[in-house]
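Since the structure comes first, as structure tokens, the remarks are kept for the end.
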Amino acid sequence: MSVLYIALPAAILLGAAGLIGCLYCIRSGQYDDLESPSLRILQDDNES
């Protein structure tokens, strides 16, 4: 029972950190362009 006093706040803190990290990534624009990275592998960028 006493382990809940450590595990429950730790789980809440980790969940909050994940949520804050996800919101930061969304607001900073990392998920704005989801199409180009998958097509970029098909382009030939050899300069020679």
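Residue numbering restarts at 1 in every chain; chains get A, B, ... in the order shown in the structure tokens, and ligands count up from 1 in that same order.
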request  = If you run DSSP over the backbone, which residues in chain A end up helix (DSSP H, G or I)? Put them as a ChimeraX atom specification.
outcome  = /A:4-28,36-40
Selection to disk with C-alpha atoms, as a PDB file, in the first residue's frame:
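Done, and the output landed in result-v4.pdb:
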ATOM      1  CA  LEU A   4       1.199   3.733  -4.096  1.00  0.00           C
ATOM      2  CA  TYR A   5       2.423   6.917  -2.441  1.00  0.00           C
ATOM      3  CA  ILE A   6       5.425   6.784  -4.785  1.00  0.00           C
ATOM      4  CA  ALA A   7       3.996   5.059  -7.859  1.00  0.00           C
ATOM      5  CA  LEU A   8       0.873   7.155  -8.296  1.00  0.00           C
ATOM      6  CA  PRO A   9       2.574  10.585  -8.273  1.00  0.00           C
ATOM      7  CA  ALA A  10       5.351   9.210 -10.493  1.00  0.00           C
ATOM      8  CA  ALA A  11       2.784   7.951 -13.018  1.00  0.00           C
ATOM      9  CA  ILE A  12       0.948  11.274 -12.965  1.00  0.00           C
ATOM     10  CA  LEU A  13       4.187  13.215 -13.469  1.00  0.00           C
ATOM     11  CA  LEU A  14       5.300  11.000 -16.349  1.00  0.00           C
ATOM     12  CA  GLY A  15       1.891  11.283 -17.995  1.00  0.00           C
ATOM     13  CA  ALA A  16       1.920  15.065 -17.616  1.00  0.00           C
ATOM     14  CA  ALA A  17       5.454  15.236 -19.044  1.00  0.00           C
ATOM     15  CA  GLY A  18       4.365  13.175 -22.061  1.00  0.00           C
ATOM     16  CA  LEU A  19       1.325  15.360 -22.616  1.00  0.00           C
ATOM     17  CA  ILE A  20       3.374  18.557 -22.367  1.00  0.00           C
ATOM     18  CA  GLY A  21       5.964  17.127 -24.762  1.00  0.00           C
ATOM     19  CA  CYS A  22       3.279  16.131 -27.255  1.00  0.00           C
ATOM     20  CA  LEU A  23       1.625  19.547 -27.102  1.00  0.00           C
ATOM     21  CA  TYR A  24       5.007  21.249 -27.553  1.00  0.00           C
ATOM     22  CA  CYS A  25       5.745  19.190 -30.670  1.00  0.00           C
ATOM     23  CA  ILE A  26       2.325  19.923 -32.141  1.00  0.00           C
ATOM     24  CA  ARG A  27       2.547  23.661 -31.480  1.00  0.00           C
ATOM     25  CA  SER A  28       6.122  23.943 -32.783  1.00  0.00           C
ATOM     26  CA  SER A  36       7.100  15.260 -47.915  1.00  0.00           C
ATOM     27  CA  PRO A  37       9.354  13.073 -45.736  1.00  0.00           C
ATOM     28  CA  SER A  38       7.891   9.887 -47.224  1.00  0.00           C
ATOM     29  CA  LEU A  39       8.409  11.186 -50.767  1.00  0.00           C
ATOM     30  CA  ARG A  40      11.876  12.595 -50.155  1.00  0.00           C
TER      31      ARG A  40
END
